[in-house]
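Below: one structure, written as structure tokens.
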Amino acid sequence: MTESNQLPNKVAATKSGGNNVMGLEFNSNKVFFDYSGLIPFFIFALIFILVPTISVVFFAFKGNFGEWTLENLRVALREEYLSSLIGSLRLGFFSAITGAFFGFFTAYAVSISGRKKLQRVVSTASGVFANTGGVPLAFFFIAAVGNYGLVTVNLNKIGIDIYSGSFTLFGFSGLVLVYLYFQIPLMVIVTYPAIEGLKNEWREAAVNLGASKFIFWKYIGVPLLVPAITGAFLLLFANAFAAYATANVLTSGTLPLLPVQIGSLVNGNVIADQTNVGMAMGLEMIIVVSIAMAGYIYLDRRTSKWRKK
Amino acid sequence: MKKNLTGSTVSPKPGIGLNLVLILVFLFFLIPMFSAFLFSIQVGDGTYSIFAYTRMLQDPGLASSLWLSTRLAIMTIAIVLFLMVPTVTWLHIRAQKAKRLVEFITLLPLIIPPVVTALGILNSMPNFLLNSPYLLGFVYGVLTMPYTYRALDTGLNSIDVKTLVDASRGLGASWRQVLSTIIAPNIKSSIFGAIFLAVALVLGEFVVASLLLWSTLPSWMAIVGQADAEGAVAVSVLSLIFVWLLLMVMSLLDRKKKLQIKLGGI
């Protein structure tokens, strides 16, 4: 930077700031020039993110004749629409709990195993599987534990019927199972740095001061990891709450879930006077996901603070 | 103290419980893959053939949906190269103050579920855009933003952008030259990482495509699967192998693991 300031070019000249008269003259131009490079991005974001989102929020409060109303939200929180909100909240909760459980212990086991190769494989695999979802994943599980899936058929041969209980791939329990495929790796990615940040020196110090394993976890390990785990849980919750593709293929709309419900409203399965109820449900989704993500961001900041030190 | 040479005396090792979790998780990830592959090549009892694959590859629906997905992927790559790279570079050299705002905007797609985005797009876009499949390309440019922004930001953080830009501008390079011959080569691996991730997401995206009624690869697969499970599984195997390869390359390019879904920035 110091080198460039000696160069007689416009960039260097405009950059020197607003302390002198020349600088003041430049200032408004400079601010405009600084932001002008971002104009294409802002236009793009405005058209394809902000306008669509605002339109959903706007129509959520509009009646059939263009009047302002809270009726859509009221309908969206009633009976079958309410049950899909509850269904999605439940799915998000159970999917996040199971994903967080297996993901955390996988990350912990891999971290303390000390095997560099295993750590590398798991970290690469997590990056890959956390982004795997959607339609192909649904078919993978149909091939495994669907009615004629390989696991189902082969377990049947030895007398175990996985469908004898309440399990079905094409319902709530199936979705919780399938979502683990991307929830576990996501949990590993998010909590691994926090687990690695739990320094062995702290453990040694605690042991040297006479702490038992239990005491170490109670006063040091758990308090340090709880924000990271809670944050990751919220991220996993939002992830499952908003997932649509897998749920749509597996349950084909039979399970009341908010995204699927919105999808079928978009597809035109809708009573004429409730077109804007879909928008109200969209607003509900944005609110729920925003709260979860805000919690995640807050907790992630708190954990990365001590991790850096 | 002697023991500390080989490892701390108190450093824990995974016990039976943890190893059990590892094995369970390992099996959980392998079994569906293995099942899907066998499922797609089995015919009746005991015999195997690749008929499901040849049948699917001959389906005209595959060619047209794959072609549409490819065009959309190219569009998304173009958005990364010609919108995201210049924008993030500009943020680094001239508009540091706008960084938080831009970062927040790029994260919005994680906060607004894709199904709601689809709803909003249907609501607000003019008909000429709704009637064009290329609208999807723009939407994918938006949906991949959280990841592409992060990848590029990480890449630019690791080089001294300001000096590079000032030096090349001082020597008379145009902005276009700066971007294409100075910045881009220096953050090559970040750009490739962003592109691979974007392509992987585009090839898997189902929500917006199906709600806007375009037959991309995933939405075609979903329709095939209603009548032909083996065929759908076969296409799933092919598409996931391809996507996994892309993601694996991306994951290896991103050795320092900075391109995680880490939202602490805003």
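Labels for the structure tokens follow display order: chains A, B, ..., residues from 1 in each chain, ligands from 1.
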Margin query: Using only C-alpha atoms, which protein or nucleic acid residues come within 6 Å of region 88-99 of chain B? Drop anything in the same chain fewer than 3 positions from it, and give the result as number ranges by chain.
Written below: A: 34; B: 84-85, 102-103, 162
Notebook entry, point to check: Leaving out Ala222 (chain B) and any residue of its chain fewer than 5 positions from it, which residues lie within 8 Å of it when counting only C-alpha atoms, given as a list in words?
Noted result: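 Listed by chain and then number, they are Val135 and Val249 of chain A; Ala232 of chain B.
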Serialized selection, C-alpha atoms, as a PDB file, in the first residue's frame:
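Contents of result_2.pdb, freshly written:
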```
ATOM      1  CA  VAL A 135     -34.303 -36.438  -4.773  1.00  0.00           C
ATOM      2  CA  VAL A 249     -40.593 -37.450  -2.864  1.00  0.00           C
TER       3      VAL A 249
ATOM      4  CA  ALA B 232     -34.830 -43.719 -10.762  1.00  0.00           C
TER       5      ALA B 232
END
```
Next item on the list: With a distance threshold of 7 Å and counting only C-alpha atoms, extract the residues of chain B near chain A and express them as a VMD selection string.
Entry: chain B and resid 10 to 14 18 21 to 22 29 32 to 33 35 to 36 39 83 87 90 94 to 95 111 to 113 115 to 117 119 to 121 123 to 124 139 142 162 to 163 166 to 167 170 204 206 to 207 211 218 222 232 to 233 236 240 244 247 to 248 251 to 252 263 to 264
Margin query: With distances taken over only C-alpha atoms, which residue among A:Phe32, A:Leu198, A:Arg115, A:Gly174 lies nearest Trp217 (chain A)?
Written below: A:Leu198
Next item on the list: Would you mind listing what lies within 10 Å of Ser132 (chain B) as a ChimeraX atom specification, with only C-alpha atoms counted and same-chain residues fewer than 5 positions away left out?
Entry: /B:127,137,214
Kindly save the residues from that selection, with N, CA and C atoms included, as a PDB file, in the first residue's frame.
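Wrote result32.pdb, looks like this:
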```pdb
ATOM      1  N   ASN B 127     -44.184 -12.193 -16.477  1.00  0.00           N
ATOM      2  CA  ASN B 127     -44.431 -13.434 -17.205  1.00  0.00           C
ATOM      3  C   ASN B 127     -43.317 -13.847 -18.145  1.00  0.00           C
ATOM      4  N   GLY B 137     -31.781 -20.030 -13.685  1.00  0.00           N
ATOM      5  CA  GLY B 137     -30.350 -19.761 -13.597  1.00  0.00           C
ATOM      6  C   GLY B 137     -30.064 -18.605 -12.650  1.00  0.00           C
ATOM      7  N   TRP B 214     -40.227 -26.675 -14.217  1.00  0.00           N
ATOM      8  CA  TRP B 214     -39.193 -26.969 -15.208  1.00  0.00           C
ATOM      9  C   TRP B 214     -38.625 -28.348 -14.960  1.00  0.00           C
TER      10      TRP B 214
END
```
Next item on the list: Compile the contact shell of region 171-186 of chain B as a VMD selection string: residues with an atom at most 8 Å away, counting only C-alpha atoms, same-chain residues fewer than 5 positions apart removed.
Entry: chain B and resid 86 89 159 161 164 to 165 191
Selection from above, N, CA and C atoms, as a PDB file, in the first residue's frame, can you write it?
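Generated output (out13.pdb):
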```pdb
ATOM      1  N   PRO B  86     -16.094 -10.141  -9.358  1.00  0.00           N
ATOM      2  CA  PRO B  86     -15.853  -8.690  -9.313  1.00  0.00           C
ATOM      3  C   PRO B  86     -16.402  -8.041  -8.038  1.00  0.00           C
ATOM      4  N   THR B  89     -14.190  -8.905  -5.028  1.00  0.00           N
ATOM      5  CA  THR B  89     -12.911  -8.210  -5.186  1.00  0.00           C
ATOM      6  C   THR B  89     -13.069  -6.731  -4.859  1.00  0.00           C
ATOM      7  N   ILE B 159      -4.759 -13.349   0.091  1.00  0.00           N
ATOM      8  CA  ILE B 159      -3.760 -12.636  -0.710  1.00  0.00           C
ATOM      9  C   ILE B 159      -3.852 -11.130  -0.429  1.00  0.00           C
ATOM     10  N   VAL B 161      -4.776  -8.246  -1.798  1.00  0.00           N
ATOM     11  CA  VAL B 161      -5.485  -7.750  -2.963  1.00  0.00           C
ATOM     12  C   VAL B 161      -5.127  -6.314  -3.278  1.00  0.00           C
ATOM     13  N   LEU B 164      -1.806  -5.802  -4.962  1.00  0.00           N
ATOM     14  CA  LEU B 164      -1.846  -6.346  -6.318  1.00  0.00           C
ATOM     15  C   LEU B 164      -2.599  -5.410  -7.259  1.00  0.00           C
ATOM     16  N   VAL B 165      -3.753  -4.926  -6.789  1.00  0.00           N
ATOM     17  CA  VAL B 165      -4.573  -4.066  -7.631  1.00  0.00           C
ATOM     18  C   VAL B 165      -3.879  -2.730  -7.883  1.00  0.00           C
ATOM     19  N   ILE B 191     -11.966 -19.957  -6.666  1.00  0.00           N
ATOM     20  CA  ILE B 191     -12.945 -19.849  -7.736  1.00  0.00           C
ATOM     21  C   ILE B 191     -13.423 -21.240  -8.148  1.00  0.00           C
TER      22      ILE B 191
END
```
Check: How many Å separate CA of Leu108 (chain B) from CA of Thr216 (chain B)?
Finding: 24.2 Å
Note to self: To test your reading of the structure, identify every residue in region 69-168 of chain A that backbone DSSP assigns to alpha helix (DSSP H), and report it as an NGL selection string.
What the structure shows: :A and (71-76 or 79-113 or 116-129 or 134-145 or 150-157)
Check: Could you state the separation of CA of Thr144 (chain B) and CA of Leu201 (chain B) in Å, given to one decimal place?
Finding: 7.1 Å
